[in-house]
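Enquirer: Mind looking over this structure? Questions follow.
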2 protein chains.
Amino acid sequence: MKKNSKILLSDDEMPRQWYNIVADMPNKPMPPLHPATKQPVGPEDLAAVFPMELIKQEVSSERYIDIPEEVLDLYTAFRPSPMFRAFNLEKSLGTKSKIYYKYEGGNYSGSHKANTALPQAYYNKMEGIKRITTETGAGQWGSAMSFACHHFGLELLVFMVKVSYNQKPGRKLLMNTYNAKVVASPSTMTVAGRKVLELDPDSPGSLGIAISEAMEVAVQDPYTKYALGSVLNHVILHQTIIGQEALLQMEKAGDYPDVVIGCFGGGSNFSGIAFPFLREKLLHGKNIRLVAVEPASCPKLTKGKFMYDFGDSAGMTPLLPMYTLGHNFMPEKIHAGGLRYHGAGVIVSQLLKDGFIEAKAKMQRECFEAGVLFARTEGILPAPESTYAIAGALDEARKADMEGVSRTILFNLSGHGHFDISAYEKYFENNLPDHELTTAEIDDALSKINIPV
Amino acid sequence: MKKNSKILLSDDEMPRQWYNIVADMPNKPMPPLHPATKQPVGPEDLAAVFPMELIKQEVSSERYIDIPEEVLDLYTAFRPSPMFRAFNLEKSLGTKSKIYYKYEGGNYSGSHKANTALPQAYYNKMEGIKRITTETGAGQWGSAMSFACHHFGLELLVFMVKVSYNQKPGRKLLMNTYNAKVVASPSTMTVAGRKVLELDPDSPGSLGIAISEAMEVAVQDPYTKYALGSVLNHVILHQTIIGQEALLQMEKAGDYPDVVIGCFGGGSNFSGIAFPFLREKLLHGKNIRLVAVEPASCPKLTKGKFMYDFGDSAGMTPLLPMYTLGHNFMPEKIHAGGLRYHGAGVIVSQLLKDGFIEAKAKMQRECFEAGVLFARTEGILPAPESTYAIAGALDEARKADMEGVSRTILFNLSGHGHFDISAYEKYFENNLPDHELTTAEIDDALSKINIPV
């Protein structure tokens, strides 16, 4: 054979620990605050919502946290995940740069979300929980959690953002097949949902609203907990297995990335691939850039404000220090449902503020164009979310070519787009709206934030 | 870790040759006949339809045929494919038996069809062909061929069986994304299609009709060839990489199957996994059963007749010695579109006639029930076609338990069902018709065959 595009790790090489970047951050994240008292919340304030092991991880400053044996067993069904050198994509671009991607869509759930769904279900089960509620955007997180809960004998109720519920009926059916109950959000099941519907019966919903609904249901019953698919420290922690593996795979490839790229919704897939590389930068001075790519229609990293805000729309969460467009911001109905979130995770926000990572915003149509090029050259149909990472990688390759240099680019292909194929149809029909938020719209969104801190 | 469900091969262990079972068959397949002269057709009779390298493979009696380097390079992006021990499925059944499955859905196309799409496109390209026509049922073969053709710079026109075209719009869109042109069959583009539509404007189509349409277009231009996704000897040859790998993987697992199971449409995924094991039986006396599972609504193996018949509905192919329900048989509109074919490949037919393999027929609803159990325990959503293999495996496990023994069962999970999710919806709505062909219907179908041999 002439060339092998695939870089694999053996099961023995699979990392046994998650990496907690908090240990290595020069400025630690500011604490979450209780909205009434404005005092830092303690573990006990979160106990109505999450099991204690996850709360411990949420506030931990240990550098490494052991992955439980039972979770390792489940991981090995689909991990270590493959990395590929995108030879065919490089060729079609005519670039001098080398493009690698880590593929997280090969597992049952079709995305990186399985990495945190399995441990979250596991820890809840260990603490005697019977039922979980959660939100989902495009449905990747909901699918991942549906199988994980069924595996551990937990019931699951999913609030799926209404625009995605309508755009992606297959994802809802997949969750049903895994035995989960799925409700379109905003729903009439909750106070939070009914309030939104009163103001706007046609509300397309948002992740912020779905989170409020799921939390509202969870806190009513001691055997029910809530699970979140992104944003929080423990979720990001679980995703670091991606970057831990990627480090080893780059070493096997005899290469090292100049830039690592991920798409950005709440931050978990970006952080998952980026943080282990950022550790090498923080601790060993490795010269590397880490780029988060968000939608121009939901640009909290590039145009939002760093401040305390709620993680959900109804204001049920603690106040979190983050880049935000305001917890009631209603993003455009782009097909990358997983990126339609008003805020960024606390750790990522602090790192962006401190200049350790970069962010850029891209338009939907350009990203789909990149996704189609990727499918035609590399074969895998990317999730709409993942097309933002691809578009980011293409930018880097083109920039390097303009500068006359060759760079090594690594991006996270966070999931496949099999359940999002109708979005590609809209792309081909030239029927994908492109909306970049104007300064006036941003100012308007930010002016609506009303958090007295 | 306690247990690892996954059995992998390294790239170095990937077989470099396909296995041609013709070399080891006690009774060689009877020759295809020219419909007018009733004389055996020679390679030159096929030259208008296929490139010469594939024709050579079609008539070869060499035991092993080298896989070209360029195809090996493409294979390594997704091969060797994983094998899994279905621990969770076994547990939910409470069976004493061990169930293994080989998973062929992890590649870009989502099924085993990539194994033959890539070499077929390659050989056509090598012989200067510019355009390919083909049929597809559920769309797995069409998707596989779409990317393969685009990769080698070939145009592709796909005739997709109309019932699947309507049931599975996502598959059509995936082919479009890979830059292929897709037409619902029967179409008005061809004489064959128009003839069918004249008789029945609402015809749901069949693989036999779609083959006629694709062949009709191909023979009109010297730079256009036709490609078939199953049935023929060269297609089955390419699929033997599945079983060649599976043999090595069973050895790694320290186990050996008592029975190997595949679903059955034209025969390629079944033959692909079964023939290397059958070689061990034929040459080394290994005690092993090989079971093909077909739909009760399209039961050519269990209720068809062994005779010379056309491979397509319009009678454009040579006459093939095979088990058939008649080339104009119109199967029920089951969701396993890939199994809606009137006949069985020539090699499989001879082996069934000679008692070396077994066949059984299953009803659609029971297969979906098995598919849902599989998804909930093993995580992967199976293609409707693959649920027939799962149902066959469950039968074997239950039978062994009734007999008080433990058997080792291996089946081929030929593909994922991401683009077939609406069929699962129908299952949950209790809206899946179940039709077992009656003796009268079979007699009627067979009486319509009118091949003077």
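Going through the structure tokens in order, the chains are called A, B, and so on, while each chain numbers its residues from 1 and the ligands are numbered from 1 in the order shown.
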Applying 8 Å and only C-alpha atoms, which residues near Asn328 (chain B) remain after dropping the ones on its own chain fewer than 6 positions away? List them as a VMD selection string.
Expert: chain B and resid 208 313 342 448 to 449
Enquirer: Write the selection just made, keeping all heavy atoms, as an mmCIF file, in the first residue's frame?
Expert:
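Below is the file that was written, result_36.cif:
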data_model
loop_
_atom_site.group_PDB
_atom_site.id
_atom_site.type_symbol
_atom_site.label_atom_id
_atom_site.label_comp_id
_atom_site.auth_asym_id
_atom_site.auth_seq_id
_atom_site.Cartn_x
_atom_site.Cartn_y
_atom_site.Cartn_z
ATOM 1 N N GLY B 208 -35.416 -5.869 -10.162
ATOM 2 C CA GLY B 208 -35.375 -6.414 -11.521
ATOM 3 C C GLY B 208 -35.652 -5.354 -12.578
ATOM 4 O O GLY B 208 -34.983 -5.287 -13.625
ATOM 5 N N SER B 313 -35.933 -7.697 -15.016
ATOM 6 C CA SER B 313 -37.338 -7.838 -15.348
ATOM 7 C C SER B 313 -37.609 -7.816 -16.860
ATOM 8 O O SER B 313 -38.468 -8.525 -17.366
ATOM 9 C CB SER B 313 -38.081 -6.725 -14.606
ATOM 10 O OG SER B 313 -39.068 -6.176 -15.364
ATOM 11 N N HIS B 342 -36.048 -10.951 -6.991
ATOM 12 C CA HIS B 342 -36.742 -12.206 -7.322
ATOM 13 C C HIS B 342 -35.842 -13.439 -7.317
ATOM 14 O O HIS B 342 -36.328 -14.561 -7.215
ATOM 15 C CB HIS B 342 -37.406 -12.088 -8.697
ATOM 16 C CG HIS B 342 -36.417 -11.967 -9.829
ATOM 17 N ND1 HIS B 342 -35.832 -10.765 -10.176
ATOM 18 C CD2 HIS B 342 -35.878 -12.895 -10.669
ATOM 19 C CE1 HIS B 342 -35.004 -10.956 -11.197
ATOM 20 N NE2 HIS B 342 -35.012 -12.243 -11.512
ATOM 21 N N LYS B 448 -45.919 -17.917 -14.173
ATOM 22 C CA LYS B 448 -45.735 -16.802 -15.106
ATOM 23 C C LYS B 448 -44.345 -16.793 -15.750
ATOM 24 O O LYS B 448 -44.082 -16.022 -16.661
ATOM 25 C CB LYS B 448 -45.965 -15.473 -14.388
ATOM 26 C CG LYS B 448 -47.452 -15.182 -14.137
ATOM 27 C CD LYS B 448 -47.630 -13.841 -13.463
ATOM 28 C CE LYS B 448 -49.077 -13.635 -13.054
ATOM 29 N NZ LYS B 448 -49.171 -12.782 -11.851
ATOM 30 N N ILE B 449 -43.460 -17.609 -15.201
ATOM 31 C CA ILE B 449 -42.118 -17.656 -15.795
ATOM 32 C C ILE B 449 -42.234 -18.372 -17.128
ATOM 33 O O ILE B 449 -42.778 -19.465 -17.209
ATOM 34 C CB ILE B 449 -41.127 -18.427 -14.901
ATOM 35 C CG1 ILE B 449 -41.149 -17.866 -13.482
ATOM 36 C CG2 ILE B 449 -39.726 -18.337 -15.483
ATOM 37 C CD1 ILE B 449 -40.216 -18.584 -12.540
#
Enquirer: Output as a compact mmCIF listing (two decimals) with N, CA and C atoms, in the first residue's frame all residues of region 231-269 of chain A that backbone DSSP marks as helix (DSSP H, G or I).
Expert:
# COMPACT_ATOMS: atom_id res chain seq x y z
N ASN A 233 -18.48 21.97 33.63
CA ASN A 233 -17.10 21.49 33.76
C ASN A 233 -17.01 19.97 33.67
N HIS A 234 -17.98 19.25 34.30
CA HIS A 234 -17.84 17.79 34.30
C HIS A 234 -18.11 17.21 32.91
N VAL A 235 -18.94 17.90 32.13
CA VAL A 235 -19.21 17.43 30.77
C VAL A 235 -17.96 17.58 29.91
N ILE A 236 -17.35 18.75 30.04
CA ILE A 236 -16.13 19.03 29.29
C ILE A 236 -15.01 18.09 29.72
N LEU A 237 -14.96 17.81 31.00
CA LEU A 237 -13.98 16.85 31.52
C LEU A 237 -14.08 15.52 30.77
N HIS A 238 -15.31 15.00 30.66
CA HIS A 238 -15.48 13.69 30.01
C HIS A 238 -15.05 13.71 28.55
N GLN A 239 -15.19 14.87 27.91
CA GLN A 239 -14.83 14.94 26.49
C GLN A 239 -13.33 15.01 26.27
N THR A 240 -12.55 15.24 27.32
CA THR A 240 -11.10 15.36 27.11
C THR A 240 -10.46 14.06 26.65
N ILE A 241 -11.20 12.97 26.72
CA ILE A 241 -10.64 11.73 26.17
C ILE A 241 -10.35 11.89 24.68
N ILE A 242 -11.09 12.76 24.02
CA ILE A 242 -10.86 13.00 22.58
C ILE A 242 -9.44 13.54 22.37
N GLY A 243 -9.12 14.61 23.09
CA GLY A 243 -7.81 15.23 22.90
C GLY A 243 -6.67 14.39 23.45
N GLN A 244 -6.95 13.65 24.54
CA GLN A 244 -5.92 12.76 25.09
C GLN A 244 -5.52 11.72 24.05
N GLU A 245 -6.52 11.17 23.38
CA GLU A 245 -6.23 10.22 22.31
C GLU A 245 -5.53 10.92 21.13
N ALA A 246 -6.04 12.10 20.81
CA ALA A 246 -5.50 12.81 19.63
C ALA A 246 -4.01 13.12 19.79
N LEU A 247 -3.61 13.45 21.01
CA LEU A 247 -2.19 13.70 21.27
C LEU A 247 -1.35 12.48 20.92
N LEU A 248 -1.82 11.30 21.37
CA LEU A 248 -1.09 10.06 21.09
C LEU A 248 -1.10 9.75 19.60
N GLN A 249 -2.24 10.06 18.94
CA GLN A 249 -2.33 9.75 17.51
C GLN A 249 -1.43 10.66 16.68
N MET A 250 -1.34 11.94 17.06
CA MET A 250 -0.44 12.83 16.34
C MET A 250 1.00 12.35 16.50
N GLU A 251 1.31 11.86 17.69
CA GLU A 251 2.65 11.34 17.94
C GLU A 251 2.91 10.13 17.03
N LYS A 252 1.91 9.25 16.92
CA LYS A 252 2.05 8.09 16.02
C LYS A 252 2.24 8.51 14.57
N SER A 268 -18.29 21.72 24.53
CA SER A 268 -17.74 20.44 24.98
C SER A 268 -16.91 19.71 23.94
N ASN A 269 -17.28 19.78 22.66
CA ASN A 269 -16.43 19.03 21.71
C ASN A 269 -15.16 19.81 21.42
Enquirer: What are the closest atom pairs, with distances in Å to one decimal, for all residues of chain B lying within 7 Å of chain A? Consider only C-alpha atoms, order rows by chain and residue number, and present the result as CSV.
Expert:
residue,atom,partner,partner_atom,distance
B:Met1,CA,A:Glu69,CA,5.6
B:Lys2,CA,A:Asp73,CA,7.0
B:Lys3,CA,A:Asp73,CA,6.5
B:Asn4,CA,A:Asp73,CA,6.4
B:Ser5,CA,A:Ala77,CA,6.3
B:Lys6,CA,A:Ala77,CA,5.9
B:Glu69,CA,A:Met1,CA,5.6
B:Leu72,CA,A:Met1,CA,6.7
B:Asp73,CA,A:Met1,CA,5.9
B:Thr76,CA,A:Asn4,CA,6.8
B:Ala77,CA,A:Lys6,CA,5.9
B:Gly106,CA,A:Gly106,CA,6.6
B:Tyr108,CA,A:Ile380,CA,5.1
B:Phe147,CA,A:Gly379,CA,6.5
B:His150,CA,A:Arg376,CA,7.0
B:His151,CA,A:Thr377,CA,6.9
B:Gly170,CA,A:Ile421,CA,5.9
B:Leu173,CA,A:Glu425,CA,6.5
B:Leu174,CA,A:Ile421,CA,7.0
B:Thr177,CA,A:Val372,CA,6.5
B:Tyr178,CA,A:Arg376,CA,5.3
B:Val372,CA,A:Thr177,CA,6.5
B:Ala375,CA,A:Tyr178,CA,6.8
B:Arg376,CA,A:Tyr178,CA,5.3
B:Thr377,CA,A:His151,CA,6.9
B:Gly379,CA,A:Tyr108,CA,5.2
B:Ile380,CA,A:Tyr108,CA,5.0
B:His418,CA,A:His418,CA,6.2
B:Phe419,CA,A:His418,CA,6.8
B:Ile421,CA,A:Gly170,CA,5.9
B:Glu425,CA,A:Leu173,CA,6.5
Enquirer: Among region 96-330 of chain B, which residues carry a DSSP assignment of strand (DSSP E), reported as a ChimeraX atom specification?
Expert: /B:98-103,131-136,155-161,181-185,224-227,259-263,289-295,305-310,319-324
Enquirer: Determine the nearest neighbour of Ala389 (chain A) from the options A:Leu437, A:Ile442, A:Val260, A:Leu282, counting only C-alpha atoms.
Expert: A:Val260
Enquirer: I'd like to know which of A:Lys162, A:Leu351, A:Met52, A:Ser185 is closest to Arg279 (chain A), using only C-alpha atoms.
Expert: A:Leu351
Enquirer: What's the 12 Å shell around His435 (chain B), counting only C-alpha atoms, without same-chain residues fewer than 5 positions away, as a list in words?
Expert: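 Everything that qualifies: Pro295, Ala296, Ser297, Cys298, Pro299, Pro331, Glu332, Lys333, Ile334, Ala361, Lys362, Met363, Gln364, Arg365, Glu366 and Glu441 of chain B.
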Enquirer: Keeping all heavy atoms for every residue in the selection just given, could you write it to a file as a CSV table (one decimal), in the first residue's frame?
Expert:
chain,number,residue,atom,x,y,z
B,295,PRO,N,-36.8,-12.7,3.3
B,295,PRO,CA,-38.1,-12.3,3.7
B,295,PRO,C,-39.2,-13.3,3.3
B,295,PRO,O,-39.1,-13.8,2.2
B,295,PRO,CB,-38.4,-10.9,3.0
B,295,PRO,CG,-37.1,-10.6,2.3
B,295,PRO,CD,-36.3,-11.8,2.2
B,296,ALA,N,-40.2,-13.5,4.2
B,296,ALA,CA,-41.2,-14.5,3.8
B,296,ALA,C,-42.1,-13.9,2.7
B,296,ALA,O,-42.8,-14.7,2.0
B,296,ALA,CB,-42.1,-14.7,5.1
B,297,SER,N,-41.9,-12.6,2.4
B,297,SER,CA,-42.7,-12.1,1.3
B,297,SER,C,-41.9,-12.1,0.0
B,297,SER,O,-42.4,-11.7,-1.1
B,297,SER,CB,-43.1,-10.6,1.6
B,297,SER,OG,-41.9,-9.9,1.9
B,298,CYS,N,-40.7,-12.6,0.0
B,298,CYS,CA,-39.9,-12.7,-1.2
B,298,CYS,C,-39.0,-13.9,-1.1
B,298,CYS,O,-37.7,-13.8,-1.1
B,298,CYS,CB,-39.0,-11.4,-1.4
B,298,CYS,SG,-38.3,-11.3,-3.0
B,299,PRO,N,-39.6,-15.1,-1.0
B,299,PRO,CA,-38.9,-16.3,-0.5
B,299,PRO,C,-38.3,-17.2,-1.6
B,299,PRO,O,-38.7,-18.4,-1.8
B,299,PRO,CB,-40.0,-17.1,0.2
B,299,PRO,CG,-41.2,-16.8,-0.6
B,299,PRO,CD,-41.0,-15.4,-1.1
B,331,PRO,N,-42.3,-8.1,-5.5
B,331,PRO,CA,-42.3,-8.3,-4.0
B,331,PRO,C,-43.2,-7.3,-3.3
B,331,PRO,O,-43.3,-6.2,-3.8
B,331,PRO,CB,-40.9,-8.2,-3.6
B,331,PRO,CG,-40.1,-8.2,-4.9
B,331,PRO,CD,-41.0,-7.7,-6.0
B,332,GLU,N,-43.7,-7.7,-2.2
B,332,GLU,CA,-44.4,-6.7,-1.3
B,332,GLU,C,-43.4,-5.5,-1.0
B,332,GLU,O,-42.2,-5.7,-1.0
B,332,GLU,CB,-44.6,-7.4,0.1
B,332,GLU,CG,-45.7,-8.5,0.0
B,332,GLU,CD,-47.1,-7.8,-0.2
B,332,GLU,OE1,-47.5,-7.0,0.6
B,332,GLU,OE2,-47.8,-8.2,-1.1
B,333,LYS,N,-44.1,-4.4,-0.6
B,333,LYS,CA,-43.3,-3.2,-0.3
B,333,LYS,C,-42.7,-3.2,1.1
B,333,LYS,O,-42.9,-2.3,1.9
B,333,LYS,CB,-44.2,-2.0,-0.5
B,333,LYS,CG,-44.6,-1.8,-1.9
B,333,LYS,CD,-45.5,-0.6,-2.1
B,333,LYS,CE,-47.0,-0.9,-1.9
B,333,LYS,NZ,-47.8,0.3,-2.2
B,334,ILE,N,-41.9,-4.3,1.4
B,334,ILE,CA,-41.3,-4.3,2.8
B,334,ILE,C,-40.2,-3.2,2.8
B,334,ILE,O,-39.7,-2.7,1.8
B,334,ILE,CB,-40.7,-5.7,3.1
B,334,ILE,CG1,-39.7,-6.1,2.0
B,334,ILE,CG2,-41.8,-6.7,3.2
B,334,ILE,CD1,-38.8,-7.3,2.3
B,361,ALA,N,-37.0,-18.3,5.9
B,361,ALA,CA,-37.7,-17.1,5.6
B,361,ALA,C,-38.3,-16.5,6.9
B,361,ALA,O,-38.8,-17.3,7.8
B,361,ALA,CB,-38.8,-17.3,4.6
B,362,LYS,N,-38.3,-15.2,7.1
B,362,LYS,CA,-38.8,-14.6,8.3
B,362,LYS,C,-39.8,-13.4,7.9
B,362,LYS,O,-39.7,-12.8,6.8
B,362,LYS,CB,-37.7,-14.0,9.1
B,362,LYS,CG,-36.6,-14.9,9.5
B,362,LYS,CD,-37.0,-15.9,10.6
B,362,LYS,CE,-37.2,-15.3,11.9
B,362,LYS,NZ,-37.6,-16.3,12.9
B,363,MET,N,-40.7,-13.2,8.8
B,363,MET,CA,-41.7,-12.1,8.6
B,363,MET,C,-41.0,-10.7,9.1
B,363,MET,O,-40.3,-10.7,10.0
B,363,MET,CB,-42.9,-12.3,9.4
B,363,MET,CG,-43.6,-13.7,9.1
B,363,MET,SD,-44.6,-13.6,7.6
B,363,MET,CE,-46.2,-13.5,8.4
B,364,GLN,N,-41.5,-9.7,8.4
B,364,GLN,CA,-40.9,-8.3,8.6
B,364,GLN,C,-41.1,-7.9,10.1
B,364,GLN,O,-40.1,-7.3,10.7
B,364,GLN,CB,-41.7,-7.4,7.7
B,364,GLN,CG,-41.4,-5.9,7.9
B,364,GLN,CD,-41.9,-5.0,6.8
B,364,GLN,OE1,-41.1,-4.4,6.1
B,364,GLN,NE2,-43.2,-4.9,6.6
B,365,ARG,N,-42.3,-8.1,10.7
B,365,ARG,CA,-42.5,-7.5,12.0
B,365,ARG,C,-41.6,-8.2,13.0
B,365,ARG,O,-41.0,-7.5,13.9
B,365,ARG,CB,-44.0,-7.7,12.4
B,365,ARG,CG,-44.5,-6.7,13.3
B,365,ARG,CD,-45.9,-6.3,13.1
B,365,ARG,NE,-46.7,-7.5,12.9
B,365,ARG,CZ,-47.9,-7.6,12.3
B,365,ARG,NH1,-48.4,-6.5,11.8
B,365,ARG,NH2,-48.5,-8.7,12.1
B,366,GLU,N,-41.4,-9.5,13.0
B,366,GLU,CA,-40.5,-10.2,13.9
B,366,GLU,C,-39.1,-9.7,13.7
B,366,GLU,O,-38.4,-9.6,14.7
B,366,GLU,CB,-40.6,-11.7,13.6
B,366,GLU,CG,-39.7,-12.5,14.6
B,366,GLU,CD,-39.6,-13.9,14.3
B,366,GLU,OE1,-40.4,-14.5,13.5
B,366,GLU,OE2,-38.6,-14.6,14.8
B,441,GLU,N,-50.0,-18.2,-4.3
B,441,GLU,CA,-49.3,-17.1,-4.9
B,441,GLU,C,-48.0,-17.5,-5.5
B,441,GLU,O,-47.5,-17.0,-6.5
B,441,GLU,CB,-49.1,-16.0,-3.8
B,441,GLU,CG,-50.3,-15.2,-3.4
B,441,GLU,CD,-50.1,-14.4,-2.2
B,441,GLU,OE1,-49.6,-14.9,-1.2
B,441,GLU,OE2,-50.6,-13.2,-2.2
Enquirer: Write out as an mmCIF file with C-alpha atoms, in the first residue's frame which residues come within 7 Å of Met307 (chain A) when counting only C-alpha atoms, dropping same-chain ones fewer than 2 positions away.
Expert:
data_model
loop_
_atom_site.group_PDB
_atom_site.id
_atom_site.type_symbol
_atom_site.label_atom_id
_atom_site.label_comp_id
_atom_site.auth_asym_id
_atom_site.auth_seq_id
_atom_site.Cartn_x
_atom_site.Cartn_y
_atom_site.Cartn_z
ATOM 1 C CA LYS A 305 -20.161 39.932 26.665
ATOM 2 C CA ASP A 309 -25.612 35.154 33.282
ATOM 3 C CA PRO A 321 -19.372 33.793 34.528
ATOM 4 C CA MET A 322 -19.356 33.424 30.770
ATOM 5 C CA TYR A 323 -19.436 34.961 27.339
#
Enquirer: Using only C-alpha atoms, which protein or nucleic acid residues come within 8 Å of Ala138 (chain A)? Drop anything in the same chain fewer than 3 positions from it, and give the result as a PyMOL selection string.
Expert: chain A and resi 141+160-161+164-165+168+171+335-338
Enquirer: So that I can check the surroundings of Ala48 (chain B), please list as a list of chain:residue names every protein, DNA and RNA residue that reaches within 8 Å of it, counting only C-alpha atoms and ignoring chain neighbours fewer than 6 positions away.
Expert: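 Final neighbour list, sorted by chain and number: B:Val219, B:Pro222, B:Lys225.
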Enquirer: Restricting the output to N, CA, C and O atoms, write the selected residues as a tab-separated table (two decimals), in the first residue's frame.
Expert:
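Result file is out02.tsv:
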chain	number	residue	atom	x	y	z
B	219	VAL	N	-25.84	0.24	-22.35
B	219	VAL	CA	-25.41	-0.37	-23.62
B	219	VAL	C	-25.46	0.59	-24.80
B	219	VAL	O	-25.00	0.26	-25.89
B	222	PRO	N	-20.43	3.51	-25.64
B	222	PRO	CA	-19.24	2.70	-25.33
B	222	PRO	C	-18.47	3.16	-24.09
B	222	PRO	O	-17.71	2.38	-23.52
B	225	LYS	N	-20.66	2.08	-18.68
B	225	LYS	CA	-20.86	0.67	-18.32
B	225	LYS	C	-21.89	0.60	-17.20
B	225	LYS	O	-22.29	1.61	-16.62
Enquirer: How many Å lie between CA of Ser203 (chain A) and CA of Gly229 (chain A), rounded to one decimal?
Expert: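 Computing it gives 22.0 Å between the two atoms.
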